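Student: So I've got this file, protein.tsv, and it contains TSV, C-alpha atoms and all ligand atoms:
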```
chain	number	residue	atom	x	y	z
A	1	MET	CA	-15.40	-14.80	24.93
A	2	THR	CA	-12.59	-13.98	22.58
A	3	ARG	CA	-10.11	-16.35	24.26
A	4	ILE	CA	-8.04	-18.02	21.55
A	5	THR	CA	-8.36	-21.80	21.45
A	6	GLY	CA	-6.62	-22.53	18.18
A	7	VAL	CA	-4.40	-21.06	15.48
A	8	SER	CA	-3.82	-22.92	12.25
A	9	LEU	CA	-1.49	-21.97	9.46
A	10	ARG	CA	-1.27	-23.12	5.86
A	11	ARG	CA	0.37	-22.29	2.55
A	12	VAL	CA	-1.97	-20.77	-0.03
A	13	LEU	CA	-1.40	-19.13	-3.42
A	14	ASP	CA	-0.92	-15.40	-3.85
A	15	SER	CA	-1.79	-13.50	-7.03
A	16	ARG	CA	1.66	-14.13	-8.53
A	17	GLY	CA	1.27	-17.86	-7.94
A	18	ASN	CA	3.74	-17.87	-5.08
A	19	ALA	CA	3.13	-19.52	-1.73
A	20	THR	CA	2.00	-17.24	1.09
A	21	VAL	CA	0.81	-17.76	4.68
A	22	GLU	CA	-2.86	-18.00	5.64
A	23	ALA	CA	-3.83	-18.09	9.32
A	24	ASP	CA	-7.08	-19.14	11.01
A	25	VAL	CA	-7.81	-18.07	14.57
A	26	LEU	CA	-10.57	-19.74	16.61
A	27	THR	CA	-11.98	-18.57	19.92
A	28	GLU	CA	-13.69	-20.47	22.71
A	29	SER	CA	-17.10	-19.06	21.86
A	30	GLY	CA	-16.81	-20.16	18.24
A	31	GLY	CA	-15.38	-16.93	16.81
A	32	PHE	CA	-13.44	-17.37	13.60
A	33	GLY	CA	-11.01	-15.13	11.72
A	34	ARG	CA	-8.85	-15.74	8.67
A	35	GLY	CA	-5.99	-13.58	7.40
A	36	ALA	CA	-3.48	-14.00	4.57
A	37	ALA	CA	-0.14	-12.26	4.09
A	38	PRO	CA	0.54	-10.22	0.95
A	39	SER	CA	4.01	-9.97	-0.57
A	40	GLY	CA	6.03	-7.16	-2.17
A	41	ALA	CA	8.29	-7.17	-5.23
A	42	SER	CA	9.78	-3.69	-4.83
A	43	THR	CA	10.41	-4.23	-1.14
A	44	GLY	CA	12.09	-1.57	1.00
A	45	GLU	CA	15.50	-2.26	2.50
A	46	TYR	CA	14.14	-1.69	6.01
A	47	GLU	CA	11.00	-3.81	5.86
A	48	ALA	CA	10.27	-6.64	8.28
A	49	ILE	CA	11.45	-9.94	6.87
A	50	GLU	CA	9.28	-12.29	4.86
A	51	LEU	CA	10.48	-15.90	5.13
A	52	PRO	CA	9.65	-18.66	2.64
A	53	ALA	CA	6.06	-19.58	3.56
A	54	GLY	CA	6.80	-23.11	4.72
A	55	GLU	CA	9.71	-21.98	6.87
A	56	SER	CA	7.69	-19.16	8.40
A	57	ILE	CA	4.80	-21.49	9.21
A	58	ALA	CA	7.06	-24.06	10.87
A	59	ALA	CA	8.72	-21.39	13.02
A	60	ALA	CA	5.40	-19.75	13.96
A	61	ARG	CA	3.87	-23.12	14.90
A	62	GLU	CA	6.76	-23.85	17.18
A	63	HIS	CA	7.30	-20.45	18.78
A	64	ALA	CA	4.16	-18.32	18.40
A	65	VAL	CA	1.13	-20.59	18.50
A	66	PRO	CA	1.73	-21.91	22.03
A	67	ARG	CA	1.96	-18.31	23.31
A	68	LEU	CA	-1.24	-17.26	21.56
A	69	GLU	CA	-3.51	-19.96	22.89
A	70	GLY	CA	-5.32	-18.62	25.95
A	71	LEU	CA	-4.88	-14.94	25.02
A	72	TYR	CA	-7.89	-12.80	24.10
A	73	ALA	CA	-8.21	-12.16	20.36
A	74	GLY	CA	-9.96	-8.90	21.22
A	75	ASP	CA	-6.83	-7.67	22.98
A	76	GLN	CA	-4.92	-6.89	19.81
A	77	ARG	CA	-1.90	-5.47	21.62
A	78	ALA	CA	-1.55	-8.66	23.68
A	79	VAL	CA	-1.76	-10.81	20.56
A	80	ASP	CA	0.75	-8.67	18.69
A	81	GLY	CA	3.00	-8.45	21.76
A	82	ALA	CA	3.01	-12.26	21.95
A	83	LEU	CA	3.98	-12.43	18.27
A	84	ARG	CA	6.89	-10.05	18.92
A	85	ALA	CA	7.97	-11.96	22.03
A	86	ALA	CA	7.80	-15.28	20.17
A	87	ASP	CA	9.96	-13.83	17.42
A	88	GLY	CA	12.48	-12.03	19.59
A	89	THR	CA	14.04	-9.95	16.78
A	90	ASP	CA	13.39	-6.38	15.58
A	91	ASP	CA	12.37	-7.41	12.10
A	92	PHE	CA	10.43	-10.67	12.52
A	93	SER	CA	13.28	-12.59	10.93
A	94	ALA	CA	12.73	-15.57	13.26
A	95	ILE	CA	9.07	-16.40	12.55
A	96	GLY	CA	8.61	-14.23	9.45
A	97	ALA	CA	6.50	-11.10	9.10
A	98	ASN	CA	4.27	-13.14	6.78
A	99	SER	CA	3.07	-15.47	9.56
A	100	ALA	CA	2.98	-12.57	12.03
A	101	VAL	CA	0.75	-10.35	9.91
A	102	ALA	CA	-1.54	-13.22	8.89
A	103	ILE	CA	-2.10	-14.14	12.54
A	104	SER	CA	-2.47	-10.52	13.63
A	105	MET	CA	-5.19	-9.91	11.03
A	106	ALA	CA	-6.90	-13.25	11.71
A	107	ALA	CA	-7.07	-12.48	15.44
A	108	ALA	CA	-8.70	-9.10	14.76
A	109	LYS	CA	-11.28	-10.77	12.52
A	110	ALA	CA	-11.97	-13.50	15.09
A	111	ALA	CA	-12.60	-10.85	17.74
A	112	ALA	CA	-14.90	-8.90	15.41
A	113	ASP	CA	-16.75	-12.14	14.68
A	114	VAL	CA	-17.35	-12.80	18.38
A	115	LEU	CA	-18.47	-9.22	18.95
A	116	GLY	CA	-20.75	-9.34	15.92
A	117	ALA	CA	-19.23	-6.11	14.64
A	118	PRO	CA	-17.75	-5.34	11.23
A	119	LEU	CA	-13.95	-5.43	11.37
A	120	TYR	CA	-13.59	-1.68	10.73
A	121	GLN	CA	-15.80	-0.96	13.73
A	122	HIS	CA	-13.97	-3.38	16.02
A	123	LEU	CA	-10.67	-1.76	15.00
A	124	GLY	CA	-11.83	1.84	14.77
A	125	GLY	CA	-14.74	2.17	17.19
A	126	ALA	CA	-18.38	3.14	17.03
A	127	PHE	CA	-17.83	6.46	15.27
A	128	ARG	CA	-16.11	5.03	12.20
A	129	GLY	CA	-17.80	4.22	8.92
A	130	ASP	CA	-18.84	7.66	7.65
A	131	ASN	CA	-15.57	8.72	6.03
A	132	PHE	CA	-14.10	6.77	3.17
A	133	PRO	CA	-10.65	6.83	1.64
A	134	ILE	CA	-10.08	7.96	-1.93
A	135	PRO	CA	-8.86	4.94	-3.89
A	136	LEU	CA	-5.63	5.43	-5.82
A	137	GLY	CA	-5.93	3.12	-8.84
A	138	ASN	CA	-2.91	1.77	-10.67
A	139	VAL	CA	-3.66	2.10	-14.39
A	140	VAL	CA	-0.19	2.04	-16.02
A	141	GLY	CA	2.95	0.58	-14.55
A	142	GLY	CA	6.32	-1.01	-14.97
A	143	GLY	CA	9.42	-1.03	-12.80
A	144	GLU	CA	9.65	-4.19	-10.72
A	145	HIS	CA	6.02	-5.05	-11.54
A	146	ALA	CA	6.44	-5.53	-15.30
A	147	LYS	CA	9.40	-5.95	-17.63
A	148	GLU	CA	9.90	-3.77	-20.74
A	149	ALA	CA	7.40	-1.16	-19.56
A	150	THR	CA	7.75	2.25	-17.88
A	151	HIS	CA	10.61	3.05	-15.48
A	152	ILE	CA	8.17	4.71	-13.09
A	153	GLN	CA	6.49	1.84	-11.25
A	154	GLU	CA	2.91	3.13	-11.03
A	155	PHE	CA	0.67	5.76	-12.61
A	156	LEU	CA	-2.31	6.08	-10.26
A	157	ALA	CA	-5.73	7.54	-11.02
A	158	ALA	CA	-6.94	9.72	-8.13
A	159	PRO	CA	-10.68	10.54	-8.30
A	160	VAL	CA	-10.41	13.33	-5.74
A	161	GLY	CA	-13.79	14.85	-6.54
A	162	ALA	CA	-15.86	11.66	-6.41
A	163	PRO	CA	-19.02	12.11	-4.36
A	164	SER	CA	-18.88	8.53	-3.02
A	165	VAL	CA	-16.45	5.68	-2.67
A	166	SER	CA	-18.48	3.63	-5.13
A	167	GLU	CA	-18.28	6.35	-7.79
A	168	ALA	CA	-14.55	6.66	-7.11
A	169	VAL	CA	-13.98	2.92	-7.54
A	170	PHE	CA	-15.93	2.87	-10.82
A	171	ALA	CA	-14.12	5.98	-12.06
A	172	ASN	CA	-10.76	4.27	-11.59
A	173	ALA	CA	-11.98	1.22	-13.51
A	174	ALA	CA	-13.16	3.58	-16.26
A	175	VAL	CA	-9.71	5.24	-16.40
A	176	HIS	CA	-8.15	1.77	-16.67
A	177	ALA	CA	-10.45	1.01	-19.61
A	178	ALA	CA	-9.78	4.43	-21.18
A	179	VAL	CA	-6.02	3.80	-21.01
A	180	ALA	CA	-6.62	0.62	-23.04
A	181	ASP	CA	-8.53	2.68	-25.64
A	182	VAL	CA	-5.83	5.36	-25.87
A	183	LEU	CA	-3.10	2.73	-26.22
A	184	ASP	CA	-5.15	0.95	-28.88
A	185	GLU	CA	-5.62	4.19	-30.83
A	186	ARG	CA	-1.86	4.66	-30.73
A	187	GLY	CA	-1.25	1.09	-31.89
A	188	VAL	CA	0.56	0.16	-28.67
A	189	PRO	CA	0.07	-3.42	-27.48
A	190	ALA	CA	0.00	-3.80	-23.72
A	191	ALA	CA	0.10	-6.69	-21.32
A	192	LYS	CA	-0.74	-6.25	-17.64
A	193	GLY	CA	1.70	-6.01	-14.75
A	194	ASP	CA	1.51	-7.71	-11.36
A	195	GLU	CA	-1.19	-5.37	-10.06
A	196	GLY	CA	-3.37	-5.45	-13.17
A	197	ALA	CA	-2.18	-2.09	-14.50
A	198	TRP	CA	-1.38	-1.82	-18.21
A	199	ALA	CA	2.32	-2.36	-18.84
A	200	PRO	CA	2.96	-0.88	-22.28
A	201	PRO	CA	6.43	-0.75	-23.87
A	202	ILE	CA	6.46	3.07	-23.99
A	203	SER	CA	8.60	5.81	-22.48
A	204	ASP	CA	7.64	7.45	-19.21
A	205	ALA	CA	7.02	10.70	-21.13
A	206	ASP	CA	4.52	8.93	-23.40
A	207	ALA	CA	2.86	7.26	-20.39
A	208	PHE	CA	2.16	10.71	-18.89
A	209	GLU	CA	0.39	11.71	-22.11
A	210	VAL	CA	-1.62	8.48	-22.24
A	211	VAL	CA	-2.75	8.67	-18.62
A	212	GLU	CA	-3.58	12.37	-18.85
A	213	GLU	CA	-5.70	11.72	-21.93
A	214	ALA	CA	-7.51	8.80	-20.26
A	215	VAL	CA	-8.14	10.78	-17.09
A	216	ASP	CA	-9.50	13.75	-19.09
A	217	ARG	CA	-11.92	11.54	-21.00
A	218	VAL	CA	-13.31	9.92	-17.85
A	219	GLU	CA	-13.43	13.25	-16.01
A	220	ASP	CA	-15.59	14.68	-18.83
A	221	ASP	CA	-17.79	11.65	-18.62
A	222	VAL	CA	-18.36	11.45	-14.87
A	223	GLY	CA	-18.37	15.19	-14.20
A	224	PHE	CA	-16.15	15.23	-11.10
A	225	GLU	CA	-12.48	15.93	-10.66
A	226	ILE	CA	-10.02	13.14	-11.37
A	227	ARG	CA	-6.30	13.75	-11.06
A	228	PHE	CA	-3.46	11.29	-11.09
A	229	GLY	CA	-0.33	10.46	-9.17
A	230	LEU	CA	2.75	8.25	-9.19
A	231	ASP	CA	4.66	5.65	-7.29
A	232	VAL	CA	8.14	6.29	-8.64
A	233	ALA	CA	9.62	3.52	-6.44
A	234	ALA	CA	12.86	5.45	-6.85
A	235	ALA	CA	14.91	3.18	-4.59
A	236	GLU	CA	14.70	0.65	-7.42
A	237	LEU	CA	16.06	3.23	-9.89
A	238	TYR	CA	18.82	4.53	-7.62
A	239	ASP	CA	22.34	3.25	-8.18
A	240	ALA	CA	24.25	3.96	-4.97
A	241	ASP	CA	27.67	3.42	-6.66
A	242	GLU	CA	26.89	5.96	-9.34
A	243	GLY	CA	24.95	8.20	-6.93
A	244	ALA	CA	22.33	8.57	-9.66
A	245	TYR	CA	18.85	7.52	-10.73
A	246	VAL	CA	19.02	5.25	-13.76
A	247	TYR	CA	16.25	5.47	-16.36
A	248	GLY	CA	17.48	3.02	-18.99
A	249	GLU	CA	20.18	4.85	-20.95
A	250	GLU	CA	19.64	8.09	-19.06
A	251	THR	CA	20.75	8.98	-15.54
A	252	LYS	CA	19.75	11.80	-13.21
A	253	SER	CA	21.70	13.18	-10.26
A	254	THR	CA	19.74	13.69	-7.03
A	255	ASP	CA	19.35	17.40	-7.80
A	256	GLU	CA	18.11	16.56	-11.27
A	257	GLN	CA	15.68	14.02	-9.82
A	258	VAL	CA	14.22	16.63	-7.44
A	259	GLU	CA	13.94	19.06	-10.35
A	260	TYR	CA	12.34	16.43	-12.60
A	261	ILE	CA	9.69	15.43	-10.04
A	262	ALA	CA	8.90	19.03	-9.08
A	263	GLY	CA	8.44	19.76	-12.79
A	264	LEU	CA	6.08	16.79	-13.21
A	265	VAL	CA	3.99	17.89	-10.22
A	266	ASP	CA	3.38	21.24	-11.87
A	267	GLU	CA	3.05	20.07	-15.46
A	268	TYR	CA	0.50	17.34	-14.68
A	269	ASP	CA	-1.01	18.77	-11.49
A	270	LEU	CA	-0.11	15.51	-9.75
A	271	ALA	CA	-2.19	14.78	-6.64
A	272	TYR	CA	0.24	12.25	-5.22
A	273	VAL	CA	3.91	11.23	-5.53
A	274	GLU	CA	5.18	8.17	-3.68
A	275	ASP	CA	8.85	7.38	-3.19
A	276	PRO	CA	10.21	10.01	-5.59
A	277	LEU	CA	13.70	9.58	-4.10
A	278	ASP	CA	15.90	6.87	-2.65
A	279	GLU	CA	14.86	5.26	0.64
A	280	ASN	CA	17.98	6.54	2.41
A	281	ASP	CA	17.74	10.14	1.25
A	282	TYR	CA	15.65	11.97	3.87
A	283	GLU	CA	17.33	15.20	2.88
A	284	ALA	CA	16.28	15.15	-0.76
A	285	PHE	CA	12.77	14.08	0.31
A	286	ALA	CA	12.69	17.15	2.57
A	287	GLU	CA	13.88	19.41	-0.23
A	288	LEU	CA	11.20	18.18	-2.62
A	289	THR	CA	8.51	18.41	0.08
A	290	ASP	CA	9.59	21.96	0.78
A	291	ARG	CA	9.18	22.82	-2.90
A	292	VAL	CA	5.89	21.12	-3.77
A	293	GLY	CA	4.43	19.78	-0.51
A	294	ASP	CA	1.86	22.61	-0.44
A	295	ARG	CA	0.20	21.29	-3.59
A	296	THR	CA	0.73	17.55	-3.65
A	297	LEU	CA	1.23	14.60	-1.35
A	298	ILE	CA	4.81	13.39	-1.09
A	299	CYS	CA	4.45	9.91	0.34
A	300	GLY	CA	7.08	7.70	1.96
A	301	ASP	CA	6.75	3.97	1.33
A	302	ASP	CA	10.22	2.37	1.16
A	303	LEU	CA	11.36	5.47	3.07
A	304	PHE	CA	9.23	4.82	6.17
A	305	VAL	CA	8.27	1.11	5.81
A	306	THR	CA	5.35	1.66	8.26
A	307	ASN	CA	7.97	2.00	11.01
A	308	VAL	CA	7.46	4.64	13.73
A	309	GLY	CA	11.21	5.06	14.20
A	310	ARG	CA	11.79	5.88	10.56
A	311	LEU	CA	8.65	8.05	10.42
A	312	ARG	CA	9.88	10.04	13.44
A	313	GLU	CA	13.18	10.69	11.66
A	314	GLY	CA	11.25	11.89	8.64
A	315	ILE	CA	8.99	14.15	10.68
A	316	ASP	CA	12.05	15.72	12.31
A	317	VAL	CA	13.49	16.82	8.97
A	318	GLY	CA	10.23	17.43	7.09
A	319	ALA	CA	10.69	14.53	4.69
A	320	ALA	CA	7.35	13.90	2.94
A	321	ASN	CA	3.88	14.86	4.13
A	322	SER	CA	2.27	11.44	4.00
A	323	ILE	CA	3.03	7.81	4.74
A	324	LEU	CA	2.10	4.55	3.06
A	325	ILE	CA	0.85	1.98	5.55
A	326	LYS	CA	1.44	-1.69	4.73
A	327	PRO	CA	0.86	-3.98	7.71
A	328	ASN	CA	3.20	-6.66	6.36
A	329	GLN	CA	6.08	-4.18	6.17
A	330	ILE	CA	6.09	-4.03	9.96
A	331	GLY	CA	4.41	-7.35	10.90
A	332	THR	CA	1.39	-6.52	13.11
A	333	LEU	CA	-1.76	-4.40	13.12
A	334	SER	CA	-0.69	-2.76	16.39
A	335	ASP	CA	2.52	-1.49	14.80
A	336	ALA	CA	0.60	-0.30	11.75
A	337	PHE	CA	-1.85	1.59	14.03
A	338	ASP	CA	1.04	3.20	15.88
A	339	ALA	CA	2.44	4.49	12.59
A	340	VAL	CA	-0.99	5.85	11.59
A	341	GLU	CA	-1.34	7.63	14.94
A	342	LEU	CA	2.10	9.19	14.82
A	343	ALA	CA	1.43	10.35	11.27
A	344	ALA	CA	-1.96	11.85	12.16
A	345	ARG	CA	-0.56	13.68	15.20
A	346	ASN	CA	2.00	15.33	12.94
A	347	GLY	CA	-0.35	16.27	10.12
A	348	TYR	CA	0.85	13.54	7.77
A	349	GLU	CA	-1.78	12.03	5.49
A	350	THR	CA	-2.10	8.24	5.61
A	351	VAL	CA	-2.46	5.94	2.62
A	352	ILE	CA	-3.33	2.31	3.38
A	353	SER	CA	-1.82	0.01	0.77
A	354	HIS	CA	-1.88	-3.43	-0.81
A	355	ARG	CA	1.25	-5.22	-2.06
A	356	SER	CA	1.96	-6.29	-5.62
A	357	GLY	CA	1.48	-9.92	-4.53
A	358	GLU	CA	-1.98	-10.14	-2.96
A	359	THR	CA	-4.73	-12.53	-1.86
A	360	GLU	CA	-8.50	-12.22	-1.46
A	361	ASP	CA	-7.95	-10.87	2.08
A	362	THR	CA	-9.91	-7.62	2.61
A	363	THR	CA	-8.38	-6.41	5.90
A	364	ILE	CA	-6.86	-3.26	4.40
A	365	ALA	CA	-10.28	-1.99	3.29
A	366	HIS	CA	-11.43	-2.17	6.93
A	367	LEU	CA	-8.16	-0.74	8.17
A	368	ALA	CA	-8.55	2.30	5.93
A	369	VAL	CA	-12.06	3.02	7.25
A	370	ALA	CA	-11.07	2.22	10.85
A	371	THR	CA	-8.16	4.68	10.78
A	372	ASP	CA	-9.96	7.39	8.81
A	373	ALA	CA	-7.24	7.23	6.15
A	374	GLY	CA	-7.41	9.82	3.39
A	375	PHE	CA	-6.47	7.31	0.69
A	376	ILE	CA	-6.23	3.62	-0.06
A	377	LYS	CA	-3.99	2.18	-2.77
A	378	THR	CA	-5.28	-1.21	-3.81
A	379	GLY	CA	-5.26	-1.46	-7.59
A	380	THR	CA	-8.13	-1.05	-10.02
A	381	VAL	CA	-9.10	-4.39	-11.55
A	382	GLY	CA	-8.31	-8.07	-10.97
A	383	GLY	CA	-9.89	-10.31	-8.32
A	384	GLU	CA	-7.38	-9.78	-5.53
A	385	ARG	CA	-7.69	-5.98	-6.05
A	386	THR	CA	-11.48	-5.84	-6.48
A	387	ALA	CA	-11.82	-7.93	-3.29
A	388	LYS	CA	-10.74	-4.84	-1.34
A	389	LEU	CA	-12.53	-2.29	-3.54
A	390	ASN	CA	-15.80	-4.20	-3.40
A	391	GLU	CA	-15.43	-4.56	0.37
A	392	LEU	CA	-15.18	-0.76	0.61
A	393	VAL	CA	-18.37	-0.47	-1.42
A	394	ARG	CA	-20.04	-2.97	0.96
A	395	ILE	CA	-18.83	-1.07	4.04
A	396	ALA	CA	-20.31	2.13	2.60
A	397	ASP	CA	-23.53	0.22	1.95
A	398	ASP	CA	-23.52	-1.12	5.50
A	399	ALA	CA	-23.49	-4.64	4.10
A	400	VAL	CA	-20.52	-6.32	5.79
B	1	LIG	O1	5.70	-0.15	-4.02
B	1	LIG	C1	4.53	-0.32	-3.68
B	1	LIG	O2	3.90	0.61	-3.20
B	1	LIG	C2	3.91	-1.70	-3.71
B	1	LIG	C3	2.45	-1.76	-3.96
B	1	LIG	O3	2.01	-1.08	-5.09
B	1	LIG	O4	4.63	-2.57	-4.52
B	1	LIG	P1	5.34	-3.83	-3.81
B	1	LIG	O5	4.27	-4.56	-3.08
B	1	LIG	O6	5.95	-4.62	-4.94
B	1	LIG	O7	6.37	-3.27	-2.89
B	2	MG	MG	5.59	2.03	-3.27
```
Here is the file; what I need is its structure written in the form of structure tokens.

Tutor:
Amino acid sequence: MTRITGVSLRRVLDSRGNATVEADVLTESGGFGRGAAPSGASTGEYEAIELPAGESIAAAREHAVPRLEGLYAGDQRAVDGALRAADGTDDFSAIGANSAVAISMAAAKAAADVLGAPLYQHLGGAFRGDNFPIPLGNVVGGGEHAKEATHIQEFLAAPVGAPSVSEAVFANAAVHAAVADVLDERGVPAAKGDEGAWAPPISDADAFEVVEEAVDRVEDDVGFEIRFGLDVAAAELYDADEGAYVYGEETKSTDEQVEYIAGLVDEYDLAYVEDPLDENDYEAFAELTDRVGDRTLICGDDLFVTNVGRLREGIDVGAANSILIKPNQIGTLSDAFDAVELAARNGYETVISHRSGETEDTTIAHLAVATDAGFIKTGTVGGERTAKLNELVRIADDAV
């Protein structure tokens, strides 16, 4: 029933206005699935390769599509194995991880369509759908996502005490609005960055004060615990020649960076810290995790790039205690599931994540529910972000 009869690929716009790959998968019984690849700006050195959309589509049409026709969309490992075989490299540099992930997601949706099941249930099984991830909402940011704003890439609201996913989603939107109020009261003008977070021209130290104030106001209002966290995206700050983290005029040695982050965790009771150190520095990650890993999540994004090999290395040395999962970093849903499973078996928390360049695709909302992820990071406001957040609300409401 889920035998694939057609795969079509096209260029569509992403949220930055760049071209990305959209895939449609059709099955012989009329099943239909559509997936679109997201795109990063602060990409990790070890991510699978994204090719220019047109190039990726041409290569996938020639090498992958003929292998996919006749396979069963419901056999995700066969579909993803065919994508890997068609590519023939370790990093999808032949057909592009953008076409690979779009097809992988479209196949899963086509299979769910044939089965008449919501995607999260097809991917996760009959017993999924009761637990929901806590959304981490980007409310202030800079780095590679906005010029002339904070050095730290993302300040993320974390409504850890929310009684439901819907209340969590609305709490993050309220923190986003409260940040605008606090900035306004301080006379700070702010544009928005790539993910819809405010991108004010203020120091990181001031941003901590602004976000703390906004979180406190909303916490008082909603009556449940809201904390916040960070994506430092430190690989973008690290200058390998200098061996130091560069914050504008100021630099920090690796020891100073560990000290700085550990201090922030305690001062602001941070719930979450992603990529606090360079993507090659497992050792410093391990040192920081040893110091503060009992009271916060230290998450590897550029460090692990959703790759089981790199995660295994991290587990061996105790680098981090959680992993960011981005299907396009590795190229297929099967690979992303393998990373989730390895993480879970080793007590690592999983955080399913969007990219800074996104589309209306909602797969990651289903993936988070299907894998029982503790968290999802998918922005706060803006259509390509609310697409996922609203899908989570629908899943909770049994309306997908
Ligand atoms: O660093 C990150 O975690 C992501 C998403 O927030 O950014 P980008 O997609 O630019 O890599
Ligand atoms: Mg990151």

Student: Using only C-alpha atoms and all ligand atoms, what are the residues with an atom within 9 Å of ligand MG 2 (chain B), set out as an mmCIF file with C-alpha atoms, keeping the file's coordinate frame?

Tutor:
```
data_model
loop_
_atom_site.group_PDB
_atom_site.id
_atom_site.type_symbol
_atom_site.label_atom_id
_atom_site.label_comp_id
_atom_site.auth_asym_id
_atom_site.auth_seq_id
_atom_site.Cartn_x
_atom_site.Cartn_y
_atom_site.Cartn_z
ATOM 1 C CA SER A 42 9.780 -3.690 -4.830
ATOM 2 C CA THR A 43 10.410 -4.230 -1.140
ATOM 3 C CA GLY A 44 12.090 -1.570 1.000
ATOM 4 C CA GLN A 153 6.490 1.840 -11.250
ATOM 5 C CA GLU A 154 2.910 3.130 -11.030
ATOM 6 C CA ASP A 231 4.660 5.650 -7.290
ATOM 7 C CA VAL A 232 8.140 6.290 -8.640
ATOM 8 C CA ALA A 233 9.620 3.520 -6.440
ATOM 9 C CA ALA A 234 12.860 5.450 -6.850
ATOM 10 C CA GLU A 274 5.180 8.170 -3.680
ATOM 11 C CA ASP A 275 8.850 7.380 -3.190
ATOM 12 C CA CYS A 299 4.450 9.910 0.340
ATOM 13 C CA GLY A 300 7.080 7.700 1.960
ATOM 14 C CA ASP A 301 6.750 3.970 1.330
ATOM 15 C CA ASP A 302 10.220 2.370 1.160
ATOM 16 C CA LEU A 324 2.100 4.550 3.060
ATOM 17 C CA SER A 353 -1.820 0.010 0.770
ATOM 18 C CA ARG A 355 1.250 -5.220 -2.060
#
```

Student: To one decimal place, how far is CA of Pro276 in chain A from CA of Ile261 in chain A in Å?

Tutor: 7.0 Å

Student: Box in all listed atoms of range 145-153 of chain A, axis-aligned, with 6 Å more on each side; write out centre and edge lengths in Å to one decimal as JSON.

Tutor:
```
{"center_x": 8.3, "center_y": -0.6, "center_z": -16.0, "size_x": 16.6, "size_y": 22.7, "size_z": 21.5}
```

Student: Can you pull out the residues contacting range 163-170 of chain A? Cut-off 12 Å, using only C-alpha atoms, and skip same-chain residues under 6 positions away; I want them as a PyMOL selection string.

Tutor: chain A and resi 129-138+157+176-177+218-219+221-227+365+369+374-381+385-397

Student: Restricting the calculation to only C-alpha atoms: of A:Val273, A:Gly35, A:Gln76, A:Ala244, which residue gets closest to Ile152 in chain A?

Tutor: A:Val273

Student: Give me the residues near Leu51 in chain A as a list of chain:residue names, where near means some atom within 12 Å (using only C-alpha atoms) and where sequence neighbours in that chain fewer than 3 positions away do not count.

Tutor: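 So, after excluding close chain neighbours, the residues are A:Ala19, A:Thr20, A:Val21, A:Ala37, A:Ser39, A:Ala48, A:Gly54, A:Glu55, A:Ser56, A:Ile57, A:Ala58, A:Ala59, A:Ala60, A:Asp91, A:Phe92, A:Ser93, A:Ala94, A:Ile95, A:Gly96, A:Ala97, A:Asn98, A:Ser99, A:Ala100, A:Asn328, A:Gly331.
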
Student: Go ahead and save the residues from that selection, with C-alpha atoms, as a PDB file, in the coordinates of the input.

Tutor:
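Result file out04.pdb:
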```pdb
ATOM      1  CA  ALA A  19       3.130 -19.520  -1.730  1.00  0.00           C
ATOM      2  CA  THR A  20       2.000 -17.240   1.090  1.00  0.00           C
ATOM      3  CA  VAL A  21       0.810 -17.760   4.680  1.00  0.00           C
ATOM      4  CA  ALA A  37      -0.140 -12.260   4.090  1.00  0.00           C
ATOM      5  CA  SER A  39       4.010  -9.970  -0.570  1.00  0.00           C
ATOM      6  CA  ALA A  48      10.270  -6.640   8.280  1.00  0.00           C
ATOM      7  CA  GLY A  54       6.800 -23.110   4.720  1.00  0.00           C
ATOM      8  CA  GLU A  55       9.710 -21.980   6.870  1.00  0.00           C
ATOM      9  CA  SER A  56       7.690 -19.160   8.400  1.00  0.00           C
ATOM     10  CA  ILE A  57       4.800 -21.490   9.210  1.00  0.00           C
ATOM     11  CA  ALA A  58       7.060 -24.060  10.870  1.00  0.00           C
ATOM     12  CA  ALA A  59       8.720 -21.390  13.020  1.00  0.00           C
ATOM     13  CA  ALA A  60       5.400 -19.750  13.960  1.00  0.00           C
ATOM     14  CA  ASP A  91      12.370  -7.410  12.100  1.00  0.00           C
ATOM     15  CA  PHE A  92      10.430 -10.670  12.520  1.00  0.00           C
ATOM     16  CA  SER A  93      13.280 -12.590  10.930  1.00  0.00           C
ATOM     17  CA  ALA A  94      12.730 -15.570  13.260  1.00  0.00           C
ATOM     18  CA  ILE A  95       9.070 -16.400  12.550  1.00  0.00           C
ATOM     19  CA  GLY A  96       8.610 -14.230   9.450  1.00  0.00           C
ATOM     20  CA  ALA A  97       6.500 -11.100   9.100  1.00  0.00           C
ATOM     21  CA  ASN A  98       4.270 -13.140   6.780  1.00  0.00           C
ATOM     22  CA  SER A  99       3.070 -15.470   9.560  1.00  0.00           C
ATOM     23  CA  ALA A 100       2.980 -12.570  12.030  1.00  0.00           C
ATOM     24  CA  ASN A 328       3.200  -6.660   6.360  1.00  0.00           C
ATOM     25  CA  GLY A 331       4.410  -7.350  10.900  1.00  0.00           C
TER      26      GLY A 331
END
```

Student: One decimal, in Å: what's the spacing between CA of Gly229 in chain A and CA of Ser203 in chain A?

Tutor: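 Separation of CA of Gly229 in chain A and CA of Ser203 in chain A: 16.7 Å.
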
Student: Quote the spacing between CA of Gly30 in chain A and CA of Val114 in chain A in Å to one decimal place.

Tutor: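 Distance reported for this atom pair: 7.4 Å.
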
Student: My list of candidates is A:Ala343, A:Ala262, A:Ala336, A:Ala197. Which is closest to ligand LIG 1 (chain B) when distances are computed with only C-alpha atoms and all ligand atoms?

Tutor: A:Ala197

Student: Ranking A:Leu342, A:Ala286, A:Ala235, A:Val246 by minimum distance to ligand LIG 1 (chain B) and counting only C-alpha atoms and all ligand atoms, which one comes first?

Tutor: A:Ala235
